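Please read the structure below before turning to the comments.
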Amino acid sequence: MITESLQSLYTRDLNKLKTEIESYQNEESLWKIDKNILNSGGNLCLHLVGNLKHFFGAILGNSGYIRNREKEFSLKNIPKSELIIHVEETLNVVISTLDQLSEEDLAKEYPIEALGYPMTTEYFLIHLFGHLGYHLGQINYHRRLLDNF
């Protein structure tokens with residue numbers, strides 16, 4: 001079943017996100033921007049957890065989560081330990097939501113047109129996984145470029 005594959009992949013990459021955040025040697029570096037690097041590692045982390053808590057938790061899981069996308073990019077200096085808690089909560093939301101989805105649910109149209117056109121839930125969850133991987137790579141580069149060891 002594809003939900004098992006999605007659970008495995010999201011678990012792998014959200015745990016990698018946690019590892020990336022933990023790997024910053026200088027906590028202040030999480031929030032640095034420089035030249036053409038416009039988003040900090042901390043803000044990208046907030047963006048990823050906000051995105052997944054919204055599209056998995058609020059839309060599919062009826063969690064009641066209210067997303068504030070603007071704050072994902074404007075909040076600063078949140079402690080590393082708090083970011084890790086957000087990542088762990090997000091993993092729980094993703095896994096519990098996927099546990100509730102059947103093959104029929106995945107074949108249904110996603111409840112909102114998040115990309116501006118209709119798509120199946122399965123398609124959108126795969127899209128979200130790509131989005132996670134894209135920003136995870138950015139966080140890895142951000143850390144290696146701007147973290148003062």
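Here's how to read the names in the structure tokens: chain A, B, ... by the order shown, residue numbers from 1 in each chain, ligand numbers from 1 in the order shown.
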
Problem set entry | 10 Å contact set for range 50-62 of chain A, only C-alpha atoms, chain neighbours under 5 positions out, as a ChimeraX atom specification | /A:44-45,67-69,71-72,86-87,89-98,100-101,105,110-112,114,121,124-125,128-129,131-132

For this session: For Asp147 in chain A, list every protein, DNA or RNA residue within 10 Å, evaluated using only C-alpha atoms, and leave out those in the same chain fewer than 6 positions away; present the list as a PyMOL selection string.
Result: chain A and resi 23-32+41+141

For this session: Based on DSSP run over this structure's backbone, return all residues of range 14-145 of chain A in alpha helix (DSSP H), as a ChimeraX atom specification.
Result: /A:14-23,41-52,69-74,80-100,103-107,121-145

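As for CA of Gln7 in chain A and CA of Tyr123 in chain A, they are spaced 14.8 Å apart.
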
Exercise. Between A:Thr11, A:Thr19, A:Thr120, A:Ser74, which has the minimum distance to His47 in chain A (counting only C-alpha atoms)?
Worked result: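 With only C-alpha atoms as the atom set, the closest residue is A:Ser74.
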
For this session: To one decimal in Å, tell me the separation between CA of Glu70 in chain A and CA of Asn39 in chain A.
Result: 12.5 Å

For this session: Enter the distance from CA of His142 in chain A to CA of Leu9 in chain A, in Å, rounded to one decimal.
Result: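 Spanning CA of His142 in chain A to CA of Leu9 in chain A is a straight-line distance of 22.4 Å.
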